[in-house]
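Here's the structure we're looking at; comments come further down.
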Amino acid sequence: MSTNFPEGSPESTDWISQSEAAKLRGVTRQAISKLIRQGRLRTFEIGGHVLVSRSEILDFRGGAAGRPELGEDRALERIVRLLDASPPETRLQVFQRLRSEFPIHPLEAQLGTPAEVVLEAIARAGPLTLRGIRGVLAESAFEVYIVKELEGWSSHAALGDPPYDYLLEDVTGPVKVQVKLQRMKAGRPMTAWEGYRRFSPDRLVVETQRTRGGKDSSGGDTRPYRFGEFDILAVATEPSTRRWDSFMYTVADWLIPRTESPGQLLKFQPVAIVPDDDWTDDFETCVAWFRSGVKKTIGGRIDGDPTSG
């Protein structure tokens, strides 16, 4: 099938996805999306996907894309060149001098120990502790790489122990987001097929239940999440992408229910590796899906209903 590209545009091979553009410039996908919204990048839409020009991305100059304007800070450029030309022992001395002046995180003061000691303690932790830490890292990564890059959104502190991690709000209203880390098995990414044999092996998998279990007043299991407890599921895909700024999103009401308890989410959910009609790598696209009110269930099953969780 032939595609008609915009008049005067680069050849078809020049058009790349926003995720590819972000990797080229070493920035988040949200930073590229922001430039598009600001009208600072040309785009071409095909099959519902908004593409940008590779050559334009490579030539772009501007702080919002992660690089300074040409000539903006010549002193910094000179320092960087000197450091690049210095032997390792000299660069280490410079680092140690700056490290003593600039704490890495306020937690150092709170715990009364430098970050290096905290990291050593984490390195000594067992697999279960590390799994919990990685889950917290996913939530923190969502805050740093996604929430702080959003324009026109505010984040509200969650009171108590709600079934969501973030309460975000724009002019239209609030959105509740649950953040989960893509599941791993034996130190590698786990496939959806390994979760349930009726799921496709070509999909990732995320575990959608609480870390700790319990019983309610009627003796029911409180570990599973229920439909309606949050609006959007954000899945950190670091286990397969090796990037903490990489997330896939879907509408919570589109997730697969448990066979024996339709009001609850199935323990394992299949996650698309690349964006499709059910999953997107852009938060605001998922918000639009959620607010559209469309009712459906995500794909990823080979046949019939999934095994119960």
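So you can find residues: chains in the structure tokens are A, B, ... in the order shown, residues in each start at 1, and ligands are numbered from 1 in order.
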Within 10 Å of range 226-239 of chain A, which residues of range 52-158 of chain A show up? Give each one with its shortest atom-to-atom distance in Å (one decimal) and the two atoms involved, counting only C-alpha atoms, rows by chain then rising residue number, as CSV.
residue,atom,partner,partner_atom,distance
A:Arg134,CA,A:Glu238,CA,9.7
A:Gly135,CA,A:Ala236,CA,9.1
A:Leu137,CA,A:Ala236,CA,9.4
A:Ala138,CA,A:Ala236,CA,5.9
A:Glu139,CA,A:Ala236,CA,8.4
A:Ala141,CA,A:Ala236,CA,8.3
A:Phe142,CA,A:Ala236,CA,8.0
Once you have the residues from the selection above, write them out as a PDB file, in the first residue's frame, restricted to N, CA, C and O atoms.
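Okay, result-v9.pdb is ready:
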ATOM      1  N   ARG A 134      12.157  -2.513  43.857  1.00  0.00           N
ATOM      2  CA  ARG A 134      11.930  -2.245  42.443  1.00  0.00           C
ATOM      3  C   ARG A 134      10.510  -1.751  42.193  1.00  0.00           C
ATOM      4  O   ARG A 134      10.278  -0.905  41.316  1.00  0.00           O
ATOM      5  N   GLY A 135       9.567  -2.255  42.962  1.00  0.00           N
ATOM      6  CA  GLY A 135       8.198  -1.765  42.841  1.00  0.00           C
ATOM      7  C   GLY A 135       8.091  -0.303  43.235  1.00  0.00           C
ATOM      8  O   GLY A 135       7.404   0.491  42.580  1.00  0.00           O
ATOM      9  N   LEU A 137      10.589   1.783  43.104  1.00  0.00           N
ATOM     10  CA  LEU A 137      11.306   2.511  42.049  1.00  0.00           C
ATOM     11  C   LEU A 137      10.374   2.822  40.875  1.00  0.00           C
ATOM     12  O   LEU A 137      10.451   3.900  40.278  1.00  0.00           O
ATOM     13  N   ALA A 138       9.507   1.889  40.542  1.00  0.00           N
ATOM     14  CA  ALA A 138       8.561   2.117  39.448  1.00  0.00           C
ATOM     15  C   ALA A 138       7.651   3.296  39.764  1.00  0.00           C
ATOM     16  O   ALA A 138       7.395   4.159  38.907  1.00  0.00           O
ATOM     17  N   GLU A 139       7.168   3.369  41.007  1.00  0.00           N
ATOM     18  CA  GLU A 139       6.304   4.482  41.405  1.00  0.00           C
ATOM     19  C   GLU A 139       7.072   5.802  41.371  1.00  0.00           C
ATOM     20  O   GLU A 139       6.546   6.825  40.910  1.00  0.00           O
ATOM     21  N   ALA A 141       9.737   6.461  39.551  1.00  0.00           N
ATOM     22  CA  ALA A 141      10.035   6.778  38.157  1.00  0.00           C
ATOM     23  C   ALA A 141       8.845   7.435  37.486  1.00  0.00           C
ATOM     24  O   ALA A 141       9.001   8.361  36.679  1.00  0.00           O
ATOM     25  N   PHE A 142       7.636   6.978  37.812  1.00  0.00           N
ATOM     26  CA  PHE A 142       6.437   7.596  37.249  1.00  0.00           C
ATOM     27  C   PHE A 142       6.341   9.062  37.682  1.00  0.00           C
ATOM     28  O   PHE A 142       5.988   9.933  36.885  1.00  0.00           O
TER      29      PHE A 142
END
Applying 9 Å and only C-alpha atoms, which residues near Ile256 in chain A remain after dropping the ones on its own chain fewer than 2 positions away? List them as a PDB file with N, CA, C and O atoms, in the first residue's frame.
ATOM      1  N   ASP A 253     -10.797  -0.151  33.569  1.00  0.00           N
ATOM      2  CA  ASP A 253     -12.032  -0.890  33.318  1.00  0.00           C
ATOM      3  C   ASP A 253     -11.932  -1.818  32.122  1.00  0.00           C
ATOM      4  O   ASP A 253     -12.826  -2.634  31.892  1.00  0.00           O
ATOM      5  N   TRP A 254     -10.839  -1.708  31.333  1.00  0.00           N
ATOM      6  CA  TRP A 254     -10.644  -2.607  30.191  1.00  0.00           C
ATOM      7  C   TRP A 254      -9.910  -3.880  30.585  1.00  0.00           C
ATOM      8  O   TRP A 254      -9.772  -4.793  29.766  1.00  0.00           O
ATOM      9  N   ARG A 258     -11.690 -11.583  36.903  1.00  0.00           N
ATOM     10  CA  ARG A 258     -11.585 -12.965  37.366  1.00  0.00           C
ATOM     11  C   ARG A 258     -12.853 -13.719  36.970  1.00  0.00           C
ATOM     12  O   ARG A 258     -13.954 -13.197  37.076  1.00  0.00           O
ATOM     13  N   THR A 259     -12.682 -14.961  36.558  1.00  0.00           N
ATOM     14  CA  THR A 259     -13.828 -15.756  36.128  1.00  0.00           C
ATOM     15  C   THR A 259     -14.795 -15.994  37.282  1.00  0.00           C
ATOM     16  O   THR A 259     -16.014 -15.868  37.137  1.00  0.00           O
ATOM     17  N   PRO A 262     -16.282 -11.653  38.882  1.00  0.00           N
ATOM     18  CA  PRO A 262     -16.191 -10.672  37.801  1.00  0.00           C
ATOM     19  C   PRO A 262     -15.950  -9.239  38.261  1.00  0.00           C
ATOM     20  O   PRO A 262     -15.497  -8.409  37.470  1.00  0.00           O
ATOM     21  N   GLN A 264     -13.696  -8.376  40.306  1.00  0.00           N
ATOM     22  CA  GLN A 264     -12.280  -8.240  40.665  1.00  0.00           C
ATOM     23  C   GLN A 264     -11.393  -8.412  39.431  1.00  0.00           C
ATOM     24  O   GLN A 264     -11.761  -9.093  38.477  1.00  0.00           O
ATOM     25  N   LEU A 265     -10.207  -7.783  39.486  1.00  0.00           N
ATOM     26  CA  LEU A 265      -9.252  -7.903  38.391  1.00  0.00           C
ATOM     27  C   LEU A 265      -8.528  -9.243  38.460  1.00  0.00           C
ATOM     28  O   LEU A 265      -8.173  -9.706  39.548  1.00  0.00           O
ATOM     29  N   LEU A 266      -8.300  -9.834  37.304  1.00  0.00           N
ATOM     30  CA  LEU A 266      -7.516 -11.055  37.229  1.00  0.00           C
ATOM     31  C   LEU A 266      -6.107 -10.769  37.741  1.00  0.00           C
ATOM     32  O   LEU A 266      -5.561  -9.682  37.533  1.00  0.00           O
ATOM     33  N   PHE A 268      -3.039 -11.793  36.840  1.00  0.00           N
ATOM     34  CA  PHE A 268      -2.074 -11.445  35.798  1.00  0.00           C
ATOM     35  C   PHE A 268      -2.811 -10.868  34.594  1.00  0.00           C
ATOM     36  O   PHE A 268      -3.845 -11.403  34.181  1.00  0.00           O
ATOM     37  N   GLN A 269      -2.259  -9.782  34.039  1.00  0.00           N
ATOM     38  CA  GLN A 269      -2.848  -9.144  32.873  1.00  0.00           C
ATOM     39  C   GLN A 269      -1.816  -9.101  31.745  1.00  0.00           C
ATOM     40  O   GLN A 269      -0.650  -8.763  31.986  1.00  0.00           O
ATOM     41  N   PRO A 270      -2.205  -9.440  30.503  1.00  0.00           N
ATOM     42  CA  PRO A 270      -1.265  -9.370  29.379  1.00  0.00           C
ATOM     43  C   PRO A 270      -1.056  -7.922  28.945  1.00  0.00           C
ATOM     44  O   PRO A 270      -2.017  -7.160  28.816  1.00  0.00           O
ATOM     45  N   THR A 297     -12.687  -4.997  26.613  1.00  0.00           N
ATOM     46  CA  THR A 297     -11.718  -5.750  27.402  1.00  0.00           C
ATOM     47  C   THR A 297     -10.457  -5.923  26.566  1.00  0.00           C
ATOM     48  O   THR A 297     -10.543  -6.215  25.373  1.00  0.00           O
ATOM     49  N   ILE A 298      -9.308  -5.726  27.191  1.00  0.00           N
ATOM     50  CA  ILE A 298      -8.042  -5.823  26.462  1.00  0.00           C
ATOM     51  C   ILE A 298      -7.862  -7.202  25.846  1.00  0.00           C
ATOM     52  O   ILE A 298      -8.373  -8.193  26.347  1.00  0.00           O
ATOM     53  N   GLY A 299      -7.091  -7.254  24.745  1.00  0.00           N
ATOM     54  CA  GLY A 299      -6.792  -8.513  24.093  1.00  0.00           C
ATOM     55  C   GLY A 299      -5.566  -9.169  24.707  1.00  0.00           C
ATOM     56  O   GLY A 299      -5.039  -8.714  25.716  1.00  0.00           O
ATOM     57  N   ASP A 305     -12.118 -17.482  27.658  1.00  0.00           N
ATOM     58  CA  ASP A 305     -11.879 -16.764  28.883  1.00  0.00           C
ATOM     59  C   ASP A 305     -10.586 -17.259  29.514  1.00  0.00           C
ATOM     60  O   ASP A 305     -10.226 -18.419  29.379  1.00  0.00           O
ATOM     61  N   PRO A 306      -9.868 -16.372  30.246  1.00  0.00           N
ATOM     62  CA  PRO A 306      -8.608 -16.783  30.878  1.00  0.00           C
ATOM     63  C   PRO A 306      -8.845 -17.714  32.054  1.00  0.00           C
ATOM     64  O   PRO A 306      -9.932 -17.785  32.596  1.00  0.00           O
TER      65      PRO A 306
END
Please report as a Markdown table every residue of range 191-297 of chain A lying within 12 Å of range 22-33 of chain A, along with the nearest atom pair and their distance in Å (one decimal), using only C-alpha atoms.
| residue | atom | partner | partner_atom | distance |
| --- | --- | --- | --- | --- |
| A:Thr241 | CA | A:Lys23 | CA | 11.4 |
| A:Arg243 | CA | A:Thr28 | CA | 10.0 |
| A:Trp244 | CA | A:Thr28 | CA | 9.9 |
| A:Asp245 | CA | A:Thr28 | CA | 6.5 |
| A:Ser246 | CA | A:Thr28 | CA | 8.1 |
| A:Phe247 | CA | A:Arg29 | CA | 9.8 |
| A:Met248 | CA | A:Arg29 | CA | 11.7 |
| A:Thr280 | CA | A:Arg29 | CA | 11.7 |
| A:Asp281 | CA | A:Arg29 | CA | 8.3 |
| A:Asp282 | CA | A:Gln30 | CA | 7.3 |
| A:Phe283 | CA | A:Gln30 | CA | 8.4 |
| A:Glu284 | CA | A:Gln30 | CA | 9.4 |
| A:Thr285 | CA | A:Ser33 | CA | 10.7 |
Strand (DSSP E) per DSSP on the backbone: members of range 74-188 of chain A, as a PyMOL selection string: chain A and resi 154-156+166-169+174-181+184-185+188
Save the residues we just selected, N, CA and C atoms, as a PDB file, in the first residue's frame?
ATOM      1  N   SER A 154      -1.931  18.667  38.133  1.00  0.00           N
ATOM      2  CA  SER A 154      -1.435  18.765  39.508  1.00  0.00           C
ATOM      3  C   SER A 154      -1.571  17.404  40.167  1.00  0.00           C
ATOM      4  N   SER A 155      -0.671  17.132  41.114  1.00  0.00           N
ATOM      5  CA  SER A 155      -0.673  15.861  41.815  1.00  0.00           C
ATOM      6  C   SER A 155      -1.078  16.098  43.267  1.00  0.00           C
ATOM      7  N   HIS A 156      -2.051  15.340  43.742  1.00  0.00           N
ATOM      8  CA  HIS A 156      -2.552  15.493  45.105  1.00  0.00           C
ATOM      9  C   HIS A 156      -2.102  14.320  45.978  1.00  0.00           C
ATOM     10  N   TYR A 166      -1.405   7.464  42.540  1.00  0.00           N
ATOM     11  CA  TYR A 166      -1.395   8.895  42.226  1.00  0.00           C
ATOM     12  C   TYR A 166      -2.803   9.385  41.947  1.00  0.00           C
ATOM     13  N   LEU A 167      -3.096  10.569  42.480  1.00  0.00           N
ATOM     14  CA  LEU A 167      -4.346  11.262  42.176  1.00  0.00           C
ATOM     15  C   LEU A 167      -3.949  12.526  41.419  1.00  0.00           C
ATOM     16  N   LEU A 168      -4.115  12.486  40.102  1.00  0.00           N
ATOM     17  CA  LEU A 168      -3.726  13.599  39.249  1.00  0.00           C
ATOM     18  C   LEU A 168      -4.976  14.334  38.782  1.00  0.00           C
ATOM     19  N   GLU A 169      -4.835  15.643  38.547  1.00  0.00           N
ATOM     20  CA  GLU A 169      -6.002  16.427  38.155  1.00  0.00           C
ATOM     21  C   GLU A 169      -5.620  17.503  37.156  1.00  0.00           C
ATOM     22  N   PRO A 174     -10.254  14.843  38.049  1.00  0.00           N
ATOM     23  CA  PRO A 174      -9.222  13.952  38.605  1.00  0.00           C
ATOM     24  C   PRO A 174      -9.116  12.625  37.867  1.00  0.00           C
ATOM     25  N   VAL A 175      -7.932  12.026  37.954  1.00  0.00           N
ATOM     26  CA  VAL A 175      -7.675  10.702  37.395  1.00  0.00           C
ATOM     27  C   VAL A 175      -6.840   9.926  38.411  1.00  0.00           C
ATOM     28  N   LYS A 176      -7.282   8.715  38.750  1.00  0.00           N
ATOM     29  CA  LYS A 176      -6.568   7.876  39.711  1.00  0.00           C
ATOM     30  C   LYS A 176      -5.699   6.866  38.960  1.00  0.00           C
ATOM     31  N   VAL A 177      -4.409   6.844  39.313  1.00  0.00           N
ATOM     32  CA  VAL A 177      -3.451   6.010  38.587  1.00  0.00           C
ATOM     33  C   VAL A 177      -2.816   4.988  39.519  1.00  0.00           C
ATOM     34  N   GLN A 178      -2.837   3.740  39.114  1.00  0.00           N
ATOM     35  CA  GLN A 178      -2.136   2.675  39.826  1.00  0.00           C
ATOM     36  C   GLN A 178      -0.889   2.331  39.015  1.00  0.00           C
ATOM     37  N   VAL A 179       0.284   2.310  39.665  1.00  0.00           N
ATOM     38  CA  VAL A 179       1.551   2.030  38.990  1.00  0.00           C
ATOM     39  C   VAL A 179       2.032   0.642  39.400  1.00  0.00           C
ATOM     40  N   LYS A 180       2.332  -0.176  38.417  1.00  0.00           N
ATOM     41  CA  LYS A 180       2.856  -1.514  38.671  1.00  0.00           C
ATOM     42  C   LYS A 180       4.088  -1.744  37.796  1.00  0.00           C
ATOM     43  N   LEU A 181       4.960  -2.621  38.263  1.00  0.00           N
ATOM     44  CA  LEU A 181       6.150  -2.994  37.507  1.00  0.00           C
ATOM     45  C   LEU A 181       5.898  -4.283  36.745  1.00  0.00           C
ATOM     46  N   MET A 184       8.692 -10.064  36.674  1.00  0.00           N
ATOM     47  CA  MET A 184       9.890 -10.800  36.296  1.00  0.00           C
ATOM     48  C   MET A 184       9.810 -12.227  36.852  1.00  0.00           C
ATOM     49  N   LYS A 185      10.583 -13.122  36.254  1.00  0.00           N
ATOM     50  CA  LYS A 185      10.646 -14.503  36.710  1.00  0.00           C
ATOM     51  C   LYS A 185      12.068 -15.003  36.519  1.00  0.00           C
ATOM     52  N   ARG A 188      14.409 -12.530  34.807  1.00  0.00           N
ATOM     53  CA  ARG A 188      14.165 -12.103  33.424  1.00  0.00           C
ATOM     54  C   ARG A 188      12.699 -11.695  33.284  1.00  0.00           C
TER      55      ARG A 188
END
Long-range neighbours of Lys267 in chain A as a PyMOL selection string, 10 Å cut-off, only C-alpha atoms, 2 positions minimum in chain: chain A and resi 195-196+205-210+223-225+256-258+264-265+269+308-309
Mind writing the picked residues with C-alpha atoms as a PDB file, in the first residue's frame?
ATOM      1  CA  GLY A 195       1.076 -16.204  33.792  1.00  0.00           C
ATOM      2  CA  TYR A 196      -1.761 -18.158  32.179  1.00  0.00           C
ATOM      3  CA  VAL A 205       2.635  -9.595  32.004  1.00  0.00           C
ATOM      4  CA  VAL A 206       1.825  -7.453  35.028  1.00  0.00           C
ATOM      5  CA  GLU A 207       0.519  -8.607  38.388  1.00  0.00           C
ATOM      6  CA  THR A 208      -2.524  -6.577  39.404  1.00  0.00           C
ATOM      7  CA  GLN A 209      -3.130  -7.308  43.046  1.00  0.00           C
ATOM      8  CA  ARG A 210      -2.045  -5.843  46.369  1.00  0.00           C
ATOM      9  CA  ARG A 223      -5.730  -8.737  48.001  1.00  0.00           C
ATOM     10  CA  PRO A 224      -7.360  -8.509  44.526  1.00  0.00           C
ATOM     11  CA  TYR A 225      -8.163  -5.053  43.163  1.00  0.00           C
ATOM     12  CA  ILE A 256      -9.631  -8.794  32.356  1.00  0.00           C
ATOM     13  CA  PRO A 257     -11.892  -9.864  35.257  1.00  0.00           C
ATOM     14  CA  ARG A 258     -11.585 -12.965  37.366  1.00  0.00           C
ATOM     15  CA  GLN A 264     -12.280  -8.240  40.665  1.00  0.00           C
ATOM     16  CA  LEU A 265      -9.252  -7.903  38.391  1.00  0.00           C
ATOM     17  CA  GLN A 269      -2.848  -9.144  32.873  1.00  0.00           C
ATOM     18  CA  SER A 308      -9.117 -17.952  36.944  1.00  0.00           C
ATOM     19  CA  GLY A 309      -6.727 -16.089  39.237  1.00  0.00           C
TER      20      GLY A 309
END
Option closest in space to Arg99 in chain A, from A:Ala157, A:Ala115, A:Ala85, A:Ile16 [counting only C-alpha atoms]: A:Ala115
CA of Leu58 in chain A to CA of Asp14 in chain A, distance in Å rounded to a single decimal: 11.0 Å
Test item: residues at most 7 Å from Thr191 in chain A, only C-alpha atoms, excluding those fewer than 5 positions along its chain, as a ChimeraX atom specification: /A:201,203-205
Store the residues of this selection in a file with C-alpha atoms, as a PDB file, in the first residue's frame.
ATOM      1  CA  PRO A 201       3.622 -15.606  24.700  1.00  0.00           C
ATOM      2  CA  ARG A 203       2.938 -10.234  25.464  1.00  0.00           C
ATOM      3  CA  LEU A 204       4.420  -9.018  28.717  1.00  0.00           C
ATOM      4  CA  VAL A 205       2.635  -9.595  32.004  1.00  0.00           C
TER       5      VAL A 205
END
Best match for closeness to Val147 in chain A among A:Ala75, A:Gln96, A:Asp170, A:Ala272, counting only C-alpha atoms: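 The closest residue to Val147 in chain A is A:Asp170.
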Separation of CA of Val144 in chain A from CA of Ala158 in chain A, in Å and rounded to one decimal: 17.1 Å
